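Novice: Before I ask anything, let me first share the structure, which is written out below as structure tokens.
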2 protein chains.
Amino acid sequence: MASQHATQVILASRPTTARAGLENFRVETIPMPVPEAGQVLLRIDTLSLDPYMRGRMSDAKSYAKPAELGQPMPGESVATVLESHSTDLQPGDVVLAQAGWRSHAALPAAGLKMLALDGIQASAYLGVLGMPGFTAWSGLEVIGKPKAGETLVVGAATGPVGSLVGQLARHAGLRAVGIAGGPKKCAYLLDEPGFSAAIDHRSPDFAEQLQAACPDGIDIYFENIGGAVWNAVVPLLNQYARVPVCGLMAQQSGKLQHDSSTDYLAATMRAVLTRSLQIRGFINYEFTAQYFDAFLRDVSALLRAGKIKHLEDVTVGLDNAPQAFLNMIDGRNFGKVLIQVASS
Amino acid sequence: MASQHATQVILASRPTTARAGLENFRVETIPMPVPEAGQVLLRIDTLSLDPYMRGRMSDAKSYAKPAELGQPMPGESVATVLESHSTDLQPGDVVLAQAGWRSHAALPAAGLKMLALDGIQASAYLGVLGMPGFTAWSGLEVIGKPKAGETLVVGAATGPVGSLVGQLARHAGLRAVGIAGGPKKCAYLLDEPGFSAAIDHRSPDFAEQLQAACPDGIDIYFENIGGAVWNAVVPLLNQYARVPVCGLMAQQSGKLQHDSSTDYLAATMRAVLTRSLQIRGFINYEFTAQYFDAFLRDVSALLRAGKIKHLEDVTVGLDNAPQAFLNMIDGRNFGKVLIQVASS
């Protein structure tokens with residue numbers, strides 16, 4: 001073993017601001033964990049940072065229990081087995097683990113998932129083939145019910161969810177319009193994943209640009225940002241439009257607020273009624289039992305065939321995870337946010 | 001024929017207030033219509049007044065074309081054939097007709113629907129067995145998907161939609177909680193149609209009363225009122241709750257507004273996300289082709305068996321239709337609003 005010590009990032013305090021801050025985290029050095037019978041010692045290779053973690057930092061009522069104060073932040077990783085006290089796994093096996101923000105962990109082998117790495121890089125299982133990918137696939141397929149010729153709009157379109165939503169929609173014959181922050185992200189959307197249009201939500205004429213990009217209106221708005229973008233989307237939604245809602249990061253972080261001069265709720269409900277809209281919140285695990293295998297089959301085939309692009313925004317070093325997390329909340333990441341934890 | 005003249009109520013001007021006013025209507029006397037080949041002359045017996053008509057008076061974009069200025073207000077009626085120039089109908093036949101606010105009409109026989117009156121009064125086809133009834137049934141069955149043991153809340157619960165929603169829910173084994181305006185309506189709900197609880201939305205402690213009436217939260221909120229009631233409902237909605245939206249009369253009429261001190265849209269979207277809610281607007285005709293026959297079979301059986309109560313609020317005389325309509329917009333009706341047009 002390379003080291004007798006391990007590192008972990010603790011939730012030191014609950015945020016008092018919408019954005020959270022570095023002061024809410026604490027990096028600790030602890031003795032190397034020792035696996036018991038049935039457990040394995042894991043070296044965390046890559047940690048996934050995801051917007052849902054901001055919700056866990058607060059103790060407001062939500063769909064998941066809050067993270068515990070004084071404990072490591074929760075999170076999913078790709079990890080390598082260093083030492084095994086189980087017949088199920090061998091040293092060198094690569095697994096998916098709910099190990100939190102840690103460099104090493106001793107965990108029961110039974111809760112770990114071996115990864116199929118034939119032609120697929122391990123970190124894809126944290127993004128396009130993992131929770132963000134399944135969020136994209138299930139929201140689009142199960143709620144969005146895409147039909148060829150329709151128009152789809154998705155926000156945070158260079159992120160792991162938005163990017164896959166747009167590409168899956170394009171493969172299904174839809175017109176895909178991406179919303180992102182800044183000209184660099186918009187240029188990428190038009191080049192790489194083949195969106196039909198890309199709109200910068202920071203533009204002063206954002207609403208007019210969005211309307212111009214959707215000449216036939218919007219049939220599916222995949223809501224993963226929240227806040228003011230919604231007000232530009234509502235007037236464009238067609239009769240029977242579907243709105244899967246999987247995230248409201250802009251709203252959570254205090255950006256993209258609605259101004260208070262208008263009763264936007266009344267306008268939204270009027271649109272719901274007069275255009276028979278469906279708005280449906282979801283957390284991907286609602287659909288895991290019924291659909292995860294179909295998702296993995298579909299998207300890994302597209303990935304192996306080179307038909308899906310995915311961007312990774314990698315920061316080296318677990319110590320840097322808090323800052324990388326805050327950058328993501330601020331929308332300053334460019335692709336799926338990952339922390340390279342192990343140096344090897 | 002009793003008279004050589006007919007009466008009609010014209011849309012004289014579009015409303016400039018949320019409520020509309022008497023000045024927007026004009027009662028006219030015209031020569032008796034003369035049926036052509038293939039047509040019948042109808043005597044309108046009973047005219048149905050419905051909240052959707054307020055929307056038709058405006059020319060704002062909606063799900064239906066606005067009513068035309070200078071033309072009779074649109075509306076559905078039960079009518080008797082006086083004179084037939086078609087082999088399909090005979091004098092004395094009772095039909096359902098889209099004849100507008102008129103005492104008589106000459107219409108193609110092909111567009112009229114003969115009514116099955118065995119044990120059912122004709123006016124039921126304007127309420128519990130008509131458009132309001134189908135709105136209740138289809139919103140509840142197709143969107144609400146009721147399950148025994150769940151809790152349902154419905155507004156305007158003495159109205160033709162809300163009353164049937166509550167009774168159908170109760171027959172399906174749900175706890176039904178009705179919202180209505182004033183103690184008289186609430187007392188009726190507890191007596192006649194067997195709601196488990198009835199809450200007066202005018203009570204200063206409405207939100208607390210609603211919470212107390214829903215100890216296990218709300219699984220289905222059938223939204224047919226709009227406005228401030230929604231803000232009391234949102235905190236009580238359970239995970240995977242369903243919200244069929246078929247009307248926003250309170251919002252349309254300018255009552256029950258949201259105050260502007262809070263971003264209610266953000267709160268609503270947060271609830272949608274964290275509790276995987278479904279909000280789905282609908283107009284009953286979306287479901288007509290697939291479900292109308294099942295509705296008619298189900299509800300007419302319940303009606304003949306005496307298991308469904310329905311209230312009618314009847315005003316005599318077509319001249320009085322504008323005032324009765326405005327009373328309905330103000331929530332001062334007590335049951336399905338009908339105009340008895342023919343004196344016989």
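Ligands are numbered from 1 in the order shown, residues from 1 within each chain, and chains are lettered A, B, ... in the order they appear in the structure tokens.
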Skip B:Gln209 itself and residues of its chain fewer than 5 positions away, then list as a ChimeraX atom specification all residues within 10 Å of it, counting only C-alpha atoms.

Specialist: /B:197-201,203-204,214,232

Novice: Can you list, as a list in words, all residues belonging to stretch 24-169 of chain A that DSSP tags as alpha helix (DSSP H)?

Specialist: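 So, restricting stretch 24-169 of chain A to alpha helix (DSSP H), we get Tyr52, Met53, Arg54, Gly55, Arg56, Met57, Met131, Pro132, Gly133, Phe134, Thr135, Ala136, Trp137, Ser138, Pro160, Val161, Gly162, Ser163, Leu164, Val165, Gly166, Gln167, Leu168 and Ala169 of chain A.
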
Novice: Export, as a CSV table (one decimal), in the first residue's frame, the selected residues with N, CA, C and O atoms.

Specialist:
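Ended up saving to result-v5.csv:
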```
chain,number,residue,atom,x,y,z
A,52,TYR,N,-26.9,17.5,-7.1
A,52,TYR,CA,-27.8,17.1,-6.0
A,52,TYR,C,-27.1,17.2,-4.6
A,52,TYR,O,-27.7,17.4,-3.6
A,53,MET,N,-25.7,17.2,-4.6
A,53,MET,CA,-25.0,17.3,-3.3
A,53,MET,C,-25.3,18.6,-2.6
A,53,MET,O,-25.2,18.6,-1.4
A,54,ARG,N,-25.6,19.7,-3.3
A,54,ARG,CA,-25.9,20.9,-2.7
A,54,ARG,C,-27.1,20.8,-1.8
A,54,ARG,O,-27.2,21.3,-0.7
A,55,GLY,N,-28.1,20.0,-2.3
A,55,GLY,CA,-29.3,19.8,-1.5
A,55,GLY,C,-29.0,19.0,-0.3
A,55,GLY,O,-29.6,19.3,0.8
A,56,ARG,N,-28.1,18.0,-0.4
A,56,ARG,CA,-27.8,17.2,0.8
A,56,ARG,C,-27.1,18.0,1.9
A,56,ARG,O,-27.1,17.6,3.1
A,57,MET,N,-26.4,19.1,1.5
A,57,MET,CA,-25.7,19.9,2.5
A,57,MET,C,-26.7,20.6,3.5
A,57,MET,O,-26.3,21.0,4.6
A,131,MET,N,-25.5,7.8,-13.0
A,131,MET,CA,-26.7,8.5,-12.5
A,131,MET,C,-27.1,9.7,-13.5
A,131,MET,O,-28.2,9.8,-13.8
A,132,PRO,N,-26.1,10.6,-13.9
A,132,PRO,CA,-26.5,11.6,-14.8
A,132,PRO,C,-27.1,11.1,-16.1
A,132,PRO,O,-28.1,11.6,-16.6
A,133,GLY,N,-26.4,10.1,-16.6
A,133,GLY,CA,-26.9,9.5,-17.9
A,133,GLY,C,-28.3,8.9,-17.8
A,133,GLY,O,-29.2,9.1,-18.6
A,134,PHE,N,-28.5,8.2,-16.7
A,134,PHE,CA,-29.8,7.6,-16.5
A,134,PHE,C,-30.9,8.6,-16.2
A,134,PHE,O,-32.1,8.5,-16.6
A,135,THR,N,-30.5,9.7,-15.6
A,135,THR,CA,-31.5,10.8,-15.4
A,135,THR,C,-31.9,11.4,-16.7
A,135,THR,O,-33.1,11.6,-17.0
A,136,ALA,N,-30.9,11.6,-17.6
A,136,ALA,CA,-31.2,12.1,-19.0
A,136,ALA,C,-32.1,11.1,-19.7
A,136,ALA,O,-33.2,11.5,-20.3
A,137,TRP,N,-31.7,9.9,-19.7
A,137,TRP,CA,-32.4,8.9,-20.5
A,137,TRP,C,-33.9,8.6,-20.0
A,137,TRP,O,-34.8,8.6,-20.8
A,138,SER,N,-34.0,8.5,-18.7
A,138,SER,CA,-35.3,8.2,-18.1
A,138,SER,C,-36.3,9.3,-18.2
A,138,SER,O,-37.4,9.2,-18.5
A,160,PRO,N,-23.5,16.9,-18.0
A,160,PRO,CA,-23.7,15.5,-18.3
A,160,PRO,C,-25.1,15.1,-18.6
A,160,PRO,O,-25.4,14.2,-19.4
A,161,VAL,N,-26.1,15.7,-17.9
A,161,VAL,CA,-27.5,15.4,-18.2
A,161,VAL,C,-27.9,16.0,-19.5
A,161,VAL,O,-28.4,15.4,-20.4
A,162,GLY,N,-27.8,17.4,-19.6
A,162,GLY,CA,-28.3,18.1,-20.7
A,162,GLY,C,-27.6,17.7,-22.0
A,162,GLY,O,-28.3,17.6,-23.1
A,163,SER,N,-26.4,17.4,-22.0
A,163,SER,CA,-25.7,17.0,-23.2
A,163,SER,C,-26.2,15.6,-23.8
A,163,SER,O,-26.5,15.5,-25.0
A,164,LEU,N,-26.5,14.7,-22.8
A,164,LEU,CA,-27.0,13.4,-23.3
A,164,LEU,C,-28.5,13.5,-23.7
A,164,LEU,O,-28.9,12.9,-24.8
A,165,VAL,N,-29.3,14.4,-23.0
A,165,VAL,CA,-30.6,14.6,-23.5
A,165,VAL,C,-30.7,15.1,-24.9
A,165,VAL,O,-31.4,14.6,-25.7
A,166,GLY,N,-29.8,16.1,-25.2
A,166,GLY,CA,-29.8,16.6,-26.6
A,166,GLY,C,-29.4,15.6,-27.6
A,166,GLY,O,-30.0,15.5,-28.7
A,167,GLN,N,-28.4,14.8,-27.3
A,167,GLN,CA,-27.9,13.9,-28.3
A,167,GLN,C,-28.9,12.7,-28.5
A,167,GLN,O,-29.1,12.3,-29.6
A,168,LEU,N,-29.5,12.3,-27.4
A,168,LEU,CA,-30.5,11.2,-27.5
A,168,LEU,C,-31.7,11.7,-28.4
A,168,LEU,O,-32.3,11.0,-29.2
A,169,ALA,N,-32.1,13.0,-28.1
A,169,ALA,CA,-33.2,13.6,-28.9
A,169,ALA,C,-32.9,13.7,-30.3
A,169,ALA,O,-33.7,13.3,-31.2
```

Novice: Skipping near chain neighbours, those fewer than 6 positions away, what residues fall within 12 Å of B:Leu311 using only C-alpha atoms, listed as JSON, numbers by chain?

Specialist: {"B": [123, 124, 126, 127, 128, 157, 158, 159, 160, 161, 162, 163, 164, 185, 188, 189, 192, 193, 333, 334, 335, 336, 337, 338]}

Novice: For B:Leu296, find every residue with an atom within 10 Å (counting only C-alpha atoms), except residues of its own chain fewer than 2 positions away, and show them as a list in words.

Specialist: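 The neighbour list is Tyr125, Val128, Leu129, Gly130, Gly133, Phe134, Trp137, Tyr291, Phe292, Asp293, Ala294, Asp298, Val299, Ser300, Ala301 and Leu302 of chain B.
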
Novice: Write out as an mmCIF file with N, CA and C atoms, in the first residue's frame each polymer residue whose atoms come within 8 Å of A:Ala97, counting only C-alpha atoms; drop sequence neighbours fewer than 2 positions from it.

Specialist:
```cif
data_model
loop_
_atom_site.group_PDB
_atom_site.id
_atom_site.type_symbol
_atom_site.label_atom_id
_atom_site.label_comp_id
_atom_site.auth_asym_id
_atom_site.auth_seq_id
_atom_site.Cartn_x
_atom_site.Cartn_y
_atom_site.Cartn_z
ATOM 1 N N GLU A 76 -20.437 9.362 -5.258
ATOM 2 C CA GLU A 76 -20.181 8.110 -5.965
ATOM 3 C C GLU A 76 -18.808 8.171 -6.630
ATOM 4 N N SER A 77 -18.132 7.030 -6.665
ATOM 5 C CA SER A 77 -16.769 6.983 -7.205
ATOM 6 C C SER A 77 -16.549 5.737 -8.033
ATOM 7 N N VAL A 78 -15.524 5.833 -8.873
ATOM 8 C CA VAL A 78 -14.902 4.642 -9.447
ATOM 9 C C VAL A 78 -13.681 4.341 -8.582
ATOM 10 N N ALA A 79 -13.540 3.083 -8.174
ATOM 11 C CA ALA A 79 -12.489 2.728 -7.222
ATOM 12 C C ALA A 79 -11.867 1.392 -7.610
ATOM 13 N N VAL A 95 -14.550 -0.990 -9.463
ATOM 14 C CA VAL A 95 -15.959 -1.018 -9.033
ATOM 15 C C VAL A 95 -16.537 0.394 -8.931
ATOM 16 N N ALA A 99 -18.817 5.800 -1.825
ATOM 17 C CA ALA A 99 -17.786 5.881 -0.789
ATOM 18 C C ALA A 99 -17.632 7.277 -0.213
ATOM 19 N N GLY A 111 -22.031 -4.433 -1.563
ATOM 20 C CA GLY A 111 -22.645 -3.207 -2.066
ATOM 21 C C GLY A 111 -21.936 -2.600 -3.264
ATOM 22 N N LEU A 112 -20.931 -3.270 -3.775
ATOM 23 C CA LEU A 112 -20.128 -2.696 -4.858
ATOM 24 C C LEU A 112 -20.488 -3.336 -6.196
ATOM 25 N N LYS A 113 -20.338 -2.566 -7.250
ATOM 26 C CA LYS A 113 -20.747 -3.043 -8.571
ATOM 27 C C LYS A 113 -19.532 -3.096 -9.485
#
```

Novice: Hey, list the chain A side of the contact with chain B: 6 Å cut-off, only C-alpha atoms, answer as a PyMOL selection string.

Specialist: chain A and resi 62-63+265+272-274+276-282

Novice: Give me the residues within 12 Å of stretch 87-92 of chain A as a list in words, counting only C-alpha atoms and dropping any in the same chain fewer than 5 places off.

Specialist: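 Using only C-alpha atoms, the neighbours found are Met1, Ala37, Gly38, Gln39, Val40, Leu41, Leu42, Arg43, Asp45, Ala79, Thr80, Val81, Leu82, Leu107, Pro108, Ala109, Ala110, Gly111, Leu112, Lys113, Met114 and Leu115 of chain A.
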
Novice: Quick one: pull the distance between atom CA of B:Ser13 and atom CA of B:Val27, Å, one decimal.

Specialist: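 So the answer is 12.7 Å.
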
Novice: With a distance cut-off of 7 Å and only C-alpha atoms, select the neighbouring residues of B:Ala176, excluding the residue or stretch itself and same-chain residues fewer than 3 positions from it, and output the selection as a PyMOL selection string.

Specialist: chain B and resi 151-153+166+169-170+195-196

Novice: Save out the residues we just selected, N, CA and C atoms, as a compact mmCIF listing (two decimals), in the first residue's frame.

Specialist:
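Produced file selection06.txt, reproduced below:
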```
# COMPACT_ATOMS: atom_id res chain seq x y z
N THR B 151 -55.69 10.06 -0.41
CA THR B 151 -56.47 11.26 -0.10
C THR B 151 -56.57 12.14 -1.33
N LEU B 152 -57.79 12.56 -1.64
CA LEU B 152 -58.05 13.47 -2.75
C LEU B 152 -58.62 14.77 -2.21
N VAL B 153 -58.15 15.89 -2.79
CA VAL B 153 -58.72 17.20 -2.47
C VAL B 153 -59.22 17.82 -3.77
N GLY B 166 -65.36 14.23 -6.20
CA GLY B 166 -65.36 13.76 -4.83
C GLY B 166 -66.14 12.46 -4.66
N ALA B 169 -64.29 9.54 -6.24
CA ALA B 169 -63.15 9.18 -5.39
C ALA B 169 -63.61 8.36 -4.20
N ARG B 170 -64.69 8.80 -3.60
CA ARG B 170 -65.21 8.06 -2.46
C ARG B 170 -65.62 6.64 -2.87
N PHE B 195 -68.58 13.76 1.41
CA PHE B 195 -67.16 14.07 1.56
C PHE B 195 -66.74 13.76 3.00
N SER B 196 -65.46 13.43 3.19
CA SER B 196 -64.96 13.15 4.55
C SER B 196 -64.73 14.44 5.32
```

Novice: What does the structure give for the distance between atom CA of B:Arg202 and atom CA of B:Gly182, in Å to one decimal?

Specialist: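 Between atom CA of B:Arg202 and atom CA of B:Gly182 the gap is 6.7 Å.
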
Novice: Please indicate the distance in Å from atom CA of A:Ala207 to atom CA of A:Val142, rounded to one decimal place.

Specialist: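 For atom CA of A:Ala207 relative to atom CA of A:Val142, the distance reads 28.1 Å.
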
Novice: Please extract the residues of stretch 73-104 of chain B with a backbone DSSP assignment of strand (DSSP E) and present them as a PDB file with N, CA, C and O atoms, in the first residue's frame.

Specialist:
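Contents of selection_19.pdb, freshly written:
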```pdb
ATOM      1  N   SER B  77     -76.970  22.958 -24.960  1.00  0.00           N
ATOM      2  CA  SER B  77     -78.342  22.941 -24.465  1.00  0.00           C
ATOM      3  C   SER B  77     -78.981  21.579 -24.636  1.00  0.00           C
ATOM      4  O   SER B  77     -78.585  20.795 -25.487  1.00  0.00           O
ATOM      5  N   VAL B  78     -80.025  21.360 -23.841  1.00  0.00           N
ATOM      6  CA  VAL B  78     -80.990  20.304 -24.138  1.00  0.00           C
ATOM      7  C   VAL B  78     -82.146  20.978 -24.868  1.00  0.00           C
ATOM      8  O   VAL B  78     -82.627  22.030 -24.434  1.00  0.00           O
ATOM      9  N   ALA B  79     -82.551  20.388 -25.992  1.00  0.00           N
ATOM     10  CA  ALA B  79     -83.554  21.034 -26.838  1.00  0.00           C
ATOM     11  C   ALA B  79     -84.534  19.999 -27.374  1.00  0.00           C
ATOM     12  O   ALA B  79     -84.221  18.809 -27.455  1.00  0.00           O
ATOM     13  N   THR B  80     -85.720  20.499 -27.744  1.00  0.00           N
ATOM     14  CA  THR B  80     -86.750  19.629 -28.318  1.00  0.00           C
ATOM     15  C   THR B  80     -86.962  20.003 -29.786  1.00  0.00           C
ATOM     16  O   THR B  80     -87.027  21.184 -30.128  1.00  0.00           O
ATOM     17  N   VAL B  81     -87.075  18.991 -30.623  1.00  0.00           N
ATOM     18  CA  VAL B  81     -87.300  19.223 -32.049  1.00  0.00           C
ATOM     19  C   VAL B  81     -88.744  19.664 -32.254  1.00  0.00           C
ATOM     20  O   VAL B  81     -89.680  18.957 -31.857  1.00  0.00           O
ATOM     21  N   LEU B  82     -88.929  20.854 -32.844  1.00  0.00           N
ATOM     22  CA  LEU B  82     -90.274  21.342 -33.152  1.00  0.00           C
ATOM     23  C   LEU B  82     -90.679  20.978 -34.571  1.00  0.00           C
ATOM     24  O   LEU B  82     -91.848  20.708 -34.847  1.00  0.00           O
ATOM     25  N   GLU B  83     -89.712  20.982 -35.460  1.00  0.00           N
ATOM     26  CA  GLU B  83     -90.020  20.831 -36.886  1.00  0.00           C
ATOM     27  C   GLU B  83     -88.792  20.183 -37.510  1.00  0.00           C
ATOM     28  O   GLU B  83     -87.664  20.594 -37.219  1.00  0.00           O
ATOM     29  N   SER B  84     -88.996  19.146 -38.326  1.00  0.00           N
ATOM     30  CA  SER B  84     -87.842  18.424 -38.864  1.00  0.00           C
ATOM     31  C   SER B  84     -87.857  18.379 -40.384  1.00  0.00           C
ATOM     32  O   SER B  84     -88.878  18.056 -40.989  1.00  0.00           O
ATOM     33  N   VAL B  94     -85.794  14.696 -28.133  1.00  0.00           N
ATOM     34  CA  VAL B  94     -84.992  15.541 -27.243  1.00  0.00           C
ATOM     35  C   VAL B  94     -83.511  15.296 -27.551  1.00  0.00           C
ATOM     36  O   VAL B  94     -83.062  14.147 -27.603  1.00  0.00           O
ATOM     37  N   VAL B  95     -82.778  16.383 -27.784  1.00  0.00           N
ATOM     38  CA  VAL B  95     -81.386  16.269 -28.255  1.00  0.00           C
ATOM     39  C   VAL B  95     -80.465  17.186 -27.452  1.00  0.00           C
ATOM     40  O   VAL B  95     -80.912  18.107 -26.768  1.00  0.00           O
ATOM     41  N   LEU B  96     -79.164  16.901 -27.587  1.00  0.00           N
ATOM     42  CA  LEU B  96     -78.114  17.768 -27.071  1.00  0.00           C
ATOM     43  C   LEU B  96     -77.619  18.600 -28.251  1.00  0.00           C
ATOM     44  O   LEU B  96     -77.317  18.055 -29.315  1.00  0.00           O
ATOM     45  N   ALA B  97     -77.536  19.931 -28.067  1.00  0.00           N
ATOM     46  CA  ALA B  97     -77.212  20.798 -29.198  1.00  0.00           C
ATOM     47  C   ALA B  97     -76.234  21.894 -28.784  1.00  0.00           C
ATOM     48  O   ALA B  97     -76.334  22.438 -27.687  1.00  0.00           O
ATOM     49  N   HIS B 104     -84.329  29.542 -29.715  1.00  0.00           N
ATOM     50  CA  HIS B 104     -84.627  28.639 -30.822  1.00  0.00           C
ATOM     51  C   HIS B 104     -83.432  28.629 -31.765  1.00  0.00           C
ATOM     52  O   HIS B 104     -82.682  29.599 -31.825  1.00  0.00           O
TER      53      HIS B 104
END
```
